[in-house]
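All remarks here apply to the structure that follows.
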Amino acid sequence: MRHSVQALRLKLLQHASVQTYAGSRQYQSASVSVTVPEALEAIAKRNPELNVFASHIALAQVSASKPGEGPLEGWPIAVKANIATALPSVTSCASHALGTYTSPFQATVVDSLERAGAVVVGKTNMDEFGMGSKNMFSIYGPALNPHTPASDAKRDGPTELDHHTPGGSSGGSAAAVAAGMCRVALGSDTGGSVRLPAAWCGVVGFKPTFGRISRHGLVAYGSSLDTVGIIARDVADVQSVFGIAAVPDPLDMTCMSSSLRARIKALTNSRPWTTAALERSESESAPLTGIRVGIPEEYWVDELSEPALESWRAGANRLAALGCDVVSVSLPHTPSALPTYYALAWAEASSNLARYDGIRYGHRSGIRPDTRDLQNASQKYANTRGEGFGAEVQRRILLGTYVMSSAASEHYFTPSQKIRRLIQEEFDNVFALPNALSVTKPLTLATSRPPGVDVLLFPTATGAAPRLGDREYSRVASYVNDVMTVPASLAGIPAISIPAGHTDGMPLGLQLVAQYGDDDLLLCMARHL
């Protein structure tokens, strides 16, 4: 699973061709100012094939309503099906349990973007309740990746299963951006559900610091992990949307307060070496001089493909050429992140999804119980939940219920919480910037650079997107692929996936991760890649 630091340095920091990464830089820079009519035209043309939208508006609906004025005026945006939007669209979470559910309110993040002038063109396909990494577990059927391998040109009449997955669970959002069906899309990221689809679809996927963007209106999966994420063709569009969406919200108790945001700003402004980098022009020869980038050795896993390793190497060389100091770091508890994440996420999902009983809202079973069962409420609930939830959701609810049981909680849930704390502390130890949640002393301008790195760099996924019908890519393999994304989710720190070249025509992604609250530096670094 792990390789020596010496071997890692040899592999990543040696001189290497950057042709793979140069291609990604060009791809990411290809910002397209998609208009609403253009987006709707692309949806009408390509959605019957790709199945990335669960529902969308008609041009007449846009003409009948005047979009708001603001910095996002006229921007077509897509919204994942688990984020509440106004009538007439449903917030289904791609599940029979909420197949016809219309929310009585709209998510705070959607309200913010609409006030800034954005136009919601539709709701995107997803894995049911956000549980999956291939966008296959959906009542709408699987979404398809708009990219096609070069080798497929020789194939005759490919079936649906021959197509490649866009990733999950925000696969519809990422594919919509990649296919030009919107300019920006909103997704949700619990353990990588924005970053993985972004990597596999060749777009930018940003998971902000936990609490930066309000979750009011996001249907809960794992409440201590869920984050609203942003997907776009380039980092500049992500920054524009993030600047509007990242505001305090009294309707969300997990959203950062104004005082915490002010503390983070004062903390990040206390570093003269990063402040100078943020102020330099991109046209300068070494605009990132003074920034230290960490290469975590534990992310060089056995499952990492050669193309992904090559893109990682090229990305490290690219940052070094821009003036960064690239060093190796160690995060020893990374191998424990995956089982820790699933134990906690499944436990929280079991609790959050208990509300879908068919009594208050959502699907209710039409099966009439036998006379002897008329007084058995459990049977009524079982019928409703058995019909409403798909196989993957039921699997995770059962596992989460077991994890939280009295017989298993001391062996799984409690140790997972302790390991999560160790993972958070390890990130704090490798970053030069202190964690704003633990800073209690008054801040002063640093006179010398402390030890530690400013950002971490590693692949978003172990390889390119698999085919929908790939038998070798088993359910267990789909869980394992999250090893690259779940540590940042457990720590609540910001992470962004950037396009990093192609292999056989299929996109690859690189991931940058920063300290809690250091979103602006992360986005600045991503713009240079």
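By convention in this document, the chains of the structure tokens carry letters A, B, ... by their order, each chain's residues are numbered from 1, and ligands are numbered from 1 in the order they are shown.
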
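Secondary structure of range 74-135 of chain A, helix (DSSP H, G or I) only (DSSP, backbone atoms): His96, Ala97, Leu98, Thr108, Val109, Val110, Asp111, Ser112, Leu113, Glu114, Arg115, Glu128, Phe129 and Gly130 of chain A.
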
Save out the residues we just selected, C-alpha atoms, as a PDB file, in the first residue's frame.
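Dumped everything to out-v1.pdb:
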```pdb
ATOM      1  CA  HIS A  96     -38.590   6.602  -5.475  1.00  0.00           C
ATOM      2  CA  ALA A  97     -38.848   7.684  -1.835  1.00  0.00           C
ATOM      3  CA  LEU A  98     -38.973  11.328  -2.979  1.00  0.00           C
ATOM      4  CA  THR A 108     -29.972  29.178   0.511  1.00  0.00           C
ATOM      5  CA  VAL A 109     -27.182  28.669  -2.041  1.00  0.00           C
ATOM      6  CA  VAL A 110     -29.692  28.595  -4.926  1.00  0.00           C
ATOM      7  CA  ASP A 111     -31.364  31.771  -3.626  1.00  0.00           C
ATOM      8  CA  SER A 112     -27.974  33.500  -3.462  1.00  0.00           C
ATOM      9  CA  LEU A 113     -27.059  32.579  -7.026  1.00  0.00           C
ATOM     10  CA  GLU A 114     -30.468  33.575  -8.416  1.00  0.00           C
ATOM     11  CA  ARG A 115     -30.242  36.964  -6.697  1.00  0.00           C
ATOM     12  CA  GLU A 128     -29.706   7.914  -5.057  1.00  0.00           C
ATOM     13  CA  PHE A 129     -29.326  10.113  -1.948  1.00  0.00           C
ATOM     14  CA  GLY A 130     -25.684  10.668  -2.949  1.00  0.00           C
TER      15      GLY A 130
END
```

Could you pull the residues within 8 Å of Leu87 in chain A, counting only C-alpha atoms, minus those fewer than 3 positions along the same chain, as an MDAnalysis selection string? chainID A and resid 90 102:103

Atomic distance CA of Ser259 in chain A - CA of Asn82 in chain A, expressed in Å with one decimal: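 Interatomic distance here is 29.5 Å.
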
Residue with smallest distance to Ala94 in chain A - pool A:Val219, A:Leu437, A:Ala42, A:Ala464, counting only C-alpha atoms: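 Using only C-alpha atoms, the shortest distance to Ala94 in chain A belongs to A:Val219.
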
Residue contacts of range 43-45 of chain A (9 Å, only C-alpha atoms) excluding same-chain residues fewer than 2 positions away, as a PyMOL selection string: chain A and resi 38-41+47-49+52-53+56+176+179-182

Within 12 Å of range 323-325 of chain A, counting only C-alpha atoms, which residues qualify if same-chain residues fewer than 4 places away don't, as an MDAnalysis selection string? chainID A and resid 13 273:274 277 280 282 284:295 315:319 452:457 525 528

List the neighbours of Gly400 in chain A out to 10 Å using only C-alpha atoms; skip same-chain residues closer than 3 positions along the sequence, and give me the result as a PyMOL selection string. chain A and resi 342-351+394-397+403-405+409+413

From a backbone DSSP assignment, name each residue in range 361-511 of chain A labelled strand (DSSP E), as an NGL selection string. :A and (455-459 or 495-503 or 506-511)

So that I can see what lies close to Gly492 in chain A, please list as a PDB file with C-alpha atoms, in the first residue's frame the residues with an atom at most 10 Å from it, counting only C-alpha atoms and leaving out residues fewer than 5 positions away in the same chain.
```pdb
ATOM      1  CA  THR A 190     -19.707  13.912   1.224  1.00  0.00           C
ATOM      2  CA  LYS A 207     -15.281  21.181  -2.243  1.00  0.00           C
ATOM      3  CA  PRO A 208     -15.030  24.219   0.076  1.00  0.00           C
ATOM      4  CA  THR A 209     -14.146  24.104   3.749  1.00  0.00           C
ATOM      5  CA  PHE A 210     -16.955  22.478   5.738  1.00  0.00           C
ATOM      6  CA  GLY A 211     -19.385  25.251   6.694  1.00  0.00           C
ATOM      7  CA  SER A 224     -20.810  15.976   9.578  1.00  0.00           C
ATOM      8  CA  LEU A 225     -19.448  15.487   6.048  1.00  0.00           C
ATOM      9  CA  ASP A 226     -21.930  16.961   3.543  1.00  0.00           C
ATOM     10  CA  THR A 227     -20.709  20.037   1.657  1.00  0.00           C
ATOM     11  CA  GLN A 424      -7.509  16.009  11.338  1.00  0.00           C
ATOM     12  CA  VAL A 486     -12.263  10.947   1.790  1.00  0.00           C
ATOM     13  CA  PRO A 487      -9.367  12.220   4.006  1.00  0.00           C
ATOM     14  CA  GLN A 515      -5.764  23.988   5.543  1.00  0.00           C
ATOM     15  CA  TYR A 516      -9.181  24.633   7.091  1.00  0.00           C
ATOM     16  CA  GLY A 517     -10.461  27.979   5.799  1.00  0.00           C
TER      17      GLY A 517
END
```

Measuring atom to atom with only C-alpha atoms, identify which of A:Thr165, A:Asn376, A:Gln106, A:Ser173 is nearest to Ala232 in chain A. A:Ser173

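Residue nearest Ser193 in chain A within the list A:Met256, A:Ala84, A:Met131, A:Val62: A:Met131 [criterion: smallest interatomic distance, only C-alpha atoms].
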
Mind dumping a table of every range 458-506 of chain A residue within 7 Å of range 199-203 of chain A, with the nearest atom pair and its distance in Å to one decimal, using only C-alpha atoms, sorted by chain and rising number, as a Markdown table?
```
| residue | atom | partner | partner_atom | distance |
| --- | --- | --- | --- | --- |
| A:Thr460 | CA | A:Ala199 | CA | 6.5 |
| A:Ala464 | CA | A:Trp200 | CA | 6.0 |
| A:Ala465 | CA | A:Trp200 | CA | 5.3 |
| A:Ser497 | CA | A:Ala199 | CA | 6.2 |
| A:Ile498 | CA | A:Val203 | CA | 6.6 |
| A:Pro499 | CA | A:Gly202 | CA | 5.1 |
```

Write out the residues from the selection above, keeping N, CA and C atoms, as a CSV table (one decimal), in the first residue's frame.
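Saved file again12.csv follows:
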```csv
chain,number,residue,atom,x,y,z
A,460,THR,N,-6.8,12.8,-8.0
A,460,THR,CA,-8.1,12.8,-7.5
A,460,THR,C,-8.7,11.3,-7.5
A,464,ALA,N,-8.5,6.7,-14.9
A,464,ALA,CA,-9.6,7.3,-15.6
A,464,ALA,C,-10.9,6.6,-15.3
A,465,ALA,N,-12.0,7.1,-15.8
A,465,ALA,CA,-13.4,6.6,-15.6
A,465,ALA,C,-13.5,5.2,-16.2
A,497,SER,N,-10.4,19.6,-7.5
A,497,SER,CA,-9.9,18.7,-8.6
A,497,SER,C,-9.8,19.5,-9.8
A,498,ILE,N,-8.6,19.4,-10.5
A,498,ILE,CA,-8.3,20.1,-11.7
A,498,ILE,C,-8.0,19.2,-12.8
A,499,PRO,N,-8.5,19.4,-14.0
A,499,PRO,CA,-8.1,18.6,-15.2
A,499,PRO,C,-6.6,18.4,-15.3
```

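With only C-alpha atoms taken into account, the protein and nucleic acid residues at most 12 Å from Ser89 in chain A (excluding it and anything under 6 positions from it in its own chain) are A:Phe53, A:Ala54, A:Ser55, A:His56, A:Ile57, A:Val79, A:Lys80, A:Ala81, A:Asn82, A:Ile83, A:Gly99, A:Thr100, A:Tyr101, A:Thr102, A:Ser103, A:Pro104, A:Phe105, A:Gln106, A:Val120, A:Val121, A:Gly122, A:Lys123, A:Thr124.
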